[in-house]
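Peer 1: My questions all concern the structure below.
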Amino acid sequence: MSLIISELERLKSILIHMAQNVKNVAYATKSLMEAKSLDERKRIWQEIDEATMILDKIRREFVTEVLVFMARRQPLGKELLSAYALINIIYDIYRVSRYCREIARIDSMLAPASSIAIIQNISKIFEKALKALEVAISDLIDFMPRGIEIVNKIDEEIDKEYQEVLRIIVSEDNVSREKAIKALIMRHIERIVDHAQYLEQHLLEVL
Amino acid sequence: MYAIEMKNVNVYIDKRHILKDINLRIPYNSVYVIMGPSGSGKTTILKVINRLIDLIPSSKIDGAIYVLGFDVLSHDPYDLRRYIGMVFQVPNPFPHLTIYENVAIAAKINGIAKSKRELDRIVKWALEKAMLWNEVKDRLHDYPHQLSGGQRQRLCLARAIAMKPKILLLDEPTANIDPVNARKLEEAIISLKDEITVVMVTHSSHQAARVADHVAIIYDGKVVEQGPAKHLFLHPLTDIGQKILRGEM
């Protein structure tokens with residue numbers, strides 16, 4: 001294996017490792033939607049917040065590593081597109097963790113009296129986003145956008161649900177607190193699926 | 001209409017099949033880079049264009065080659081070469097002529113300059129185009145051995161363009177010079193394409209990426225890929241193309 005390919009593989013493995021961590025942040029966010037006690041919720045908020053901060057640091061270091069790789073090895077063809085995709089993908093993955101943190105923050109603001117678990121269907125909707133993320137990260141491991149159609153389909157569904165939430169909000173004179181919170185959370189879920197979709201598109205562009 | 005067009009060109013030397021069904025179309029006023037591993041036939045393509053291949057007695061060519069609309073195989077090679085300049089891998093200025101004379105001689109022989117003033121103007125123009133003028137303007141009567149290797153190569157470029165060719169062939173012109181001089185030569189090549197069609201052979205995919213408008217990749221005497229540089233450097237279609245870009249072949 002040439003130096004250029006082995007270094008690219010090393011960078012990909014860092015990215016995959018980071019993606020697994022982001023997936024864990026998303027799982028934690030999902031468990032927040034089902035958490036029963038305040039103590040459990042507090043632990044999850046902290047877990048998500050700390051993980052997101054670490055992921056931001058890793059992202060910055062990773063981008064520097066890819067730039068150094070490009071400067072040293074001067075890749076062309078598929079390798080150049082792959083290096084470009086790595087920079088784009090790490091940003092998309094990192095953004096997922098940021099949206100999860102935003103959801104956790106909303107939950108923390110509702111405490112102790114309430115929580116995001118009261119929002120109707122939110123856990124089920126988030127599950128769809130999680131599925132899109134899982135498919136995209138699984139494709140990232142092979143660097144092959146096999147699941148792009150699944151992700152696109154989920155994106156369409158989530159977009160539709162988000163549009164519906166927005167439609168209800170703008171059409172009502174007095175919007176309930178629950179509906180407003182749902183709209184805020186739906187916006188973050190919709191963005192998570194968008195980033196899963198961008199990830200697939202970056203993989204497609206390398207081919 | 002292309003500056004150079006090759007249709008199904010085959011070249012045999014000593015019964016060895018060197019070029020196999022070459023089809024190339026080189027647009028006017030562009031830098032066309034030919035890449036490929038050693039022995040793939042890159043330099044032979046240049047030698048076919050200006051008929052230096054004739055100097056190899058055992059060579060045989062078939063197919064059709066048009067340069068500036070002339071049928072290369074039936075046209076007088078000496079007349080053809082008036083329109084085609086060439087710079088070789090190793091700098092080869094005339095050692096017994098001064099810097100000025102090295103550049104002036106081509107313009108003189110081809111009757112391009114009618115007066116001393118005109119000759120001075122052409123020498124200055126050619127040295128400027130070759131990015132050498134500022135370094136030698138006060139020492140035009142020095143001899144080439146007083147120049148560095150990279151400066152000697154740029155002097156050869158100035159000599160080649162002083163005869164105002166329509167086509168310039170460059171056979172790995174930076175292979176034997178330092179990176180700073182190589183970059184200066186590359187800048188000169190890019191600036192020349194407004195007036196001259198440049199065909200350059202190089203081993204370096206990164207040099208090709210810096211200067212090329214169009215690229216052909218040659219492997220084992222065949223064109224395996226060709227197209228606009230912007231596309232080919234991102235989307236090579238073949239494994240061989242990708243390996244050559246990677247520097248593995």
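Labels used: A, B, ... for chains in the order of the structure tokens, numbers from 1 for residues in each chain, and numbers from 1 for ligands as shown.
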So that I can see what lies close to Ile169 (chain A), please list as JSON, numbers by chain the residues with an atom at most 12 Å from it, counting only C-alpha atoms and leaving out residues fewer than 3 positions away in the same chain.
Peer 2: {"A": [162, 163, 164, 165, 166, 172, 173, 174, 175, 176, 177, 178, 179, 180, 181, 182, 183, 184]}
Peer 1: Residues of chain B no more than 6 Å from chain A, counting only C-alpha atoms: send them over as number ranges by chain.
Peer 2: B: 233-235
Peer 1: Within 8 Å of region 178-181 of chain B, counting only C-alpha atoms, which residues qualify if same-chain residues fewer than 3 places away don't, as a list in words?
Peer 2: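 Listed by chain and then number, they are Gly150, Gln151, Thr174, Lys184 and Leu185 of chain B.
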Peer 1: Atoms to include: N, CA, C and O atoms. Write the selected residues as a PDB file, in the first residue's frame.
Peer 2:
```pdb
ATOM      1  N   GLY B 150      19.326  26.123 -14.233  1.00  0.00           N
ATOM      2  CA  GLY B 150      17.948  26.584 -14.467  1.00  0.00           C
ATOM      3  C   GLY B 150      17.910  27.787 -15.399  1.00  0.00           C
ATOM      4  O   GLY B 150      17.024  27.899 -16.251  1.00  0.00           O
ATOM      5  N   GLN B 151      18.896  28.679 -15.246  1.00  0.00           N
ATOM      6  CA  GLN B 151      18.952  29.843 -16.137  1.00  0.00           C
ATOM      7  C   GLN B 151      19.287  29.399 -17.562  1.00  0.00           C
ATOM      8  O   GLN B 151      18.747  29.946 -18.522  1.00  0.00           O
ATOM      9  N   THR B 174      11.947  20.576 -17.024  1.00  0.00           N
ATOM     10  CA  THR B 174      12.401  20.926 -15.662  1.00  0.00           C
ATOM     11  C   THR B 174      13.056  19.739 -14.948  1.00  0.00           C
ATOM     12  O   THR B 174      13.334  19.813 -13.761  1.00  0.00           O
ATOM     13  N   LYS B 184       9.702  29.032 -12.179  1.00  0.00           N
ATOM     14  CA  LYS B 184       9.806  30.175 -13.105  1.00  0.00           C
ATOM     15  C   LYS B 184       9.517  29.708 -14.541  1.00  0.00           C
ATOM     16  O   LYS B 184       8.833  30.393 -15.296  1.00  0.00           O
ATOM     17  N   LEU B 185      10.055  28.548 -14.864  1.00  0.00           N
ATOM     18  CA  LEU B 185       9.823  28.011 -16.202  1.00  0.00           C
ATOM     19  C   LEU B 185       8.337  27.707 -16.415  1.00  0.00           C
ATOM     20  O   LEU B 185       7.781  27.977 -17.484  1.00  0.00           O
TER      21      LEU B 185
END
```
Peer 1: By how many Å are CA of Ala208 (chain B) and CA of Lys193 (chain B) apart?
Peer 2: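 CA of Lys193 (chain B) lies at a distance of 14.7 Å from CA of Ala208 (chain B).
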Peer 1: Env of Ala117 (chain A): 12 Å cut, atoms = only C-alpha atoms, seq-sep filter 2 positions within chain, self excluded. Answer as a ChimeraX atom specification.
Peer 2: /A:29-38,41,103-104,106-108,110-111,113-115,119-124,126,178,181-182,185
Peer 1: For the residues selected in the previous step, produce a file with N, CA, C and O atoms as a compact mmCIF listing (two decimals), in the first residue's frame.
Peer 2:
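Result file follows (part_5.txt):
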```txt
# COMPACT_ATOMS: atom_id res chain seq x y z
N THR A 29 -29.09 11.24 23.45
CA THR A 29 -30.20 12.19 23.26
C THR A 29 -31.54 11.45 23.22
O THR A 29 -32.54 11.89 23.78
N LYS A 30 -31.50 10.29 22.56
CA LYS A 30 -32.72 9.47 22.48
C LYS A 30 -33.12 9.01 23.89
O LYS A 30 -34.32 9.04 24.25
N SER A 31 -32.13 8.60 24.68
CA SER A 31 -32.47 8.12 26.03
C SER A 31 -32.99 9.25 26.91
O SER A 31 -33.77 9.01 27.85
N LEU A 32 -32.57 10.48 26.59
CA LEU A 32 -33.07 11.65 27.32
C LEU A 32 -34.59 11.79 27.13
O LEU A 32 -35.31 12.24 28.03
N MET A 33 -35.05 11.40 25.95
CA MET A 33 -36.47 11.51 25.63
C MET A 33 -37.31 10.47 26.38
O MET A 33 -38.53 10.49 26.34
N GLU A 34 -36.59 9.47 26.96
CA GLU A 34 -37.31 8.42 27.68
C GLU A 34 -36.92 8.37 29.16
O GLU A 34 -37.36 7.48 29.89
N ALA A 35 -36.06 9.29 29.58
CA ALA A 35 -35.54 9.26 30.96
C ALA A 35 -36.64 9.53 31.97
O ALA A 35 -37.52 10.36 31.73
N LYS A 36 -36.55 8.80 33.09
CA LYS A 36 -37.61 8.90 34.10
C LYS A 36 -37.23 9.90 35.22
O LYS A 36 -38.05 10.68 35.66
N SER A 37 -35.97 9.85 35.66
CA SER A 37 -35.61 10.67 36.83
C SER A 37 -34.78 11.89 36.43
O SER A 37 -34.11 11.89 35.38
N LEU A 38 -34.82 12.91 37.28
CA LEU A 38 -34.05 14.13 37.04
C LEU A 38 -32.54 13.83 37.10
O LEU A 38 -31.76 14.37 36.31
N ARG A 41 -31.42 12.45 33.90
CA ARG A 41 -31.38 13.50 32.88
C ARG A 41 -30.14 14.37 33.04
O ARG A 41 -29.47 14.71 32.07
N ILE A 103 -30.80 20.05 21.78
CA ILE A 103 -32.00 19.35 22.29
C ILE A 103 -31.86 19.14 23.80
O ILE A 103 -32.80 19.37 24.57
N ALA A 104 -30.64 18.72 24.21
CA ALA A 104 -30.40 18.49 25.65
C ALA A 104 -30.58 19.80 26.43
O ALA A 104 -31.09 19.80 27.55
N ILE A 106 -32.57 22.28 25.72
CA ILE A 106 -34.00 22.57 25.85
C ILE A 106 -34.56 21.75 27.03
O ILE A 106 -35.31 22.26 27.86
N ASP A 107 -34.13 20.48 27.07
CA ASP A 107 -34.60 19.62 28.15
C ASP A 107 -34.17 20.18 29.52
O ASP A 107 -34.97 20.20 30.46
N SER A 108 -32.93 20.66 29.59
CA SER A 108 -32.45 21.18 30.88
C SER A 108 -33.20 22.45 31.29
O SER A 108 -33.40 22.69 32.48
N LEU A 110 -36.30 22.96 30.70
CA LEU A 110 -37.64 22.56 31.15
C LEU A 110 -37.62 21.97 32.56
O LEU A 110 -38.66 21.88 33.23
N ALA A 111 -36.44 21.54 33.00
CA ALA A 111 -36.32 20.90 34.33
C ALA A 111 -36.49 21.94 35.44
O ALA A 111 -36.20 23.11 35.23
N ALA A 113 -39.58 20.89 36.46
CA ALA A 113 -41.02 20.64 36.38
C ALA A 113 -41.42 19.79 35.18
O ALA A 113 -42.34 18.98 35.25
N SER A 114 -40.70 19.99 34.07
CA SER A 114 -41.12 19.29 32.85
C SER A 114 -39.89 18.72 32.12
O SER A 114 -38.76 18.87 32.58
N SER A 115 -40.16 18.09 30.97
CA SER A 115 -39.04 17.58 30.16
C SER A 115 -39.51 17.43 28.70
O SER A 115 -40.71 17.52 28.42
N ILE A 119 -43.34 15.87 24.93
CA ILE A 119 -43.71 16.21 23.54
C ILE A 119 -44.18 14.95 22.84
O ILE A 119 -43.45 13.96 22.76
N GLN A 120 -45.35 15.06 22.29
CA GLN A 120 -45.97 13.88 21.66
C GLN A 120 -45.13 13.38 20.48
O GLN A 120 -44.73 14.18 19.61
N ASN A 121 -44.88 12.09 20.47
CA ASN A 121 -44.19 11.43 19.34
C ASN A 121 -42.74 11.83 19.13
O ASN A 121 -42.13 11.38 18.17
N ILE A 122 -42.18 12.67 19.99
CA ILE A 122 -40.84 13.19 19.69
C ILE A 122 -39.79 12.07 19.67
O ILE A 122 -38.87 12.07 18.84
N SER A 123 -39.97 11.08 20.56
CA SER A 123 -39.02 9.98 20.60
C SER A 123 -39.05 9.17 19.31
O SER A 123 -38.01 8.78 18.77
N LYS A 124 -40.28 8.97 18.79
CA LYS A 124 -40.42 8.19 17.55
C LYS A 124 -39.82 8.94 16.36
O LYS A 124 -39.20 8.35 15.48
N PHE A 126 -37.45 11.17 16.53
CA PHE A 126 -36.00 11.17 16.69
C PHE A 126 -35.40 9.82 16.26
O PHE A 126 -34.29 9.76 15.73
N GLU A 178 -46.10 23.52 24.51
CA GLU A 178 -45.69 22.21 24.00
C GLU A 178 -45.42 22.26 22.49
O GLU A 178 -44.43 21.73 22.00
N ILE A 181 -42.20 24.20 21.80
CA ILE A 181 -41.00 23.38 22.10
C ILE A 181 -40.81 22.31 21.03
O ILE A 181 -39.70 22.05 20.57
N LYS A 182 -41.94 21.74 20.60
CA LYS A 182 -41.85 20.70 19.56
C LYS A 182 -41.22 21.28 18.28
O LYS A 182 -40.37 20.65 17.63
N ILE A 185 -37.48 21.63 18.73
CA ILE A 185 -36.78 20.33 18.67
C ILE A 185 -36.83 19.75 17.26
O ILE A 185 -35.83 19.21 16.76
```
Peer 1: Can you list, as a list in words, every protein, DNA or RNA residue that comes within 7 Å of Leu68 (chain B) when you count only C-alpha atoms, leaving out same-chain residues fewer than 2 positions away?
Peer 2: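 With the cut-off at 7 Å, the set is Ala3, Ile4, Tyr66 and Phe70 of chain B.
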Peer 1: With N, CA, C and O atoms retained, write the just-selected residues as a PDB file, in the first residue's frame.
Peer 2:
```
ATOM      1  N   ALA B   3      -4.533  22.687 -33.446  1.00  0.00           N
ATOM      2  CA  ALA B   3      -3.136  22.997 -33.764  1.00  0.00           C
ATOM      3  C   ALA B   3      -2.438  21.712 -34.220  1.00  0.00           C
ATOM      4  O   ALA B   3      -1.652  21.713 -35.161  1.00  0.00           O
ATOM      5  N   ILE B   4      -2.742  20.646 -33.513  1.00  0.00           N
ATOM      6  CA  ILE B   4      -2.155  19.336 -33.854  1.00  0.00           C
ATOM      7  C   ILE B   4      -3.246  18.272 -33.777  1.00  0.00           C
ATOM      8  O   ILE B   4      -4.044  18.269 -32.835  1.00  0.00           O
ATOM      9  N   TYR B  66      -1.593  15.965 -38.560  1.00  0.00           N
ATOM     10  CA  TYR B  66      -1.724  17.324 -39.087  1.00  0.00           C
ATOM     11  C   TYR B  66      -1.222  18.312 -38.041  1.00  0.00           C
ATOM     12  O   TYR B  66      -1.635  18.265 -36.880  1.00  0.00           O
ATOM     13  N   PHE B  70      -0.942  21.363 -41.840  1.00  0.00           N
ATOM     14  CA  PHE B  70      -0.034  20.662 -42.767  1.00  0.00           C
ATOM     15  C   PHE B  70      -0.089  19.169 -42.505  1.00  0.00           C
ATOM     16  O   PHE B  70      -0.143  18.740 -41.350  1.00  0.00           O
TER      17      PHE B  70
END
```
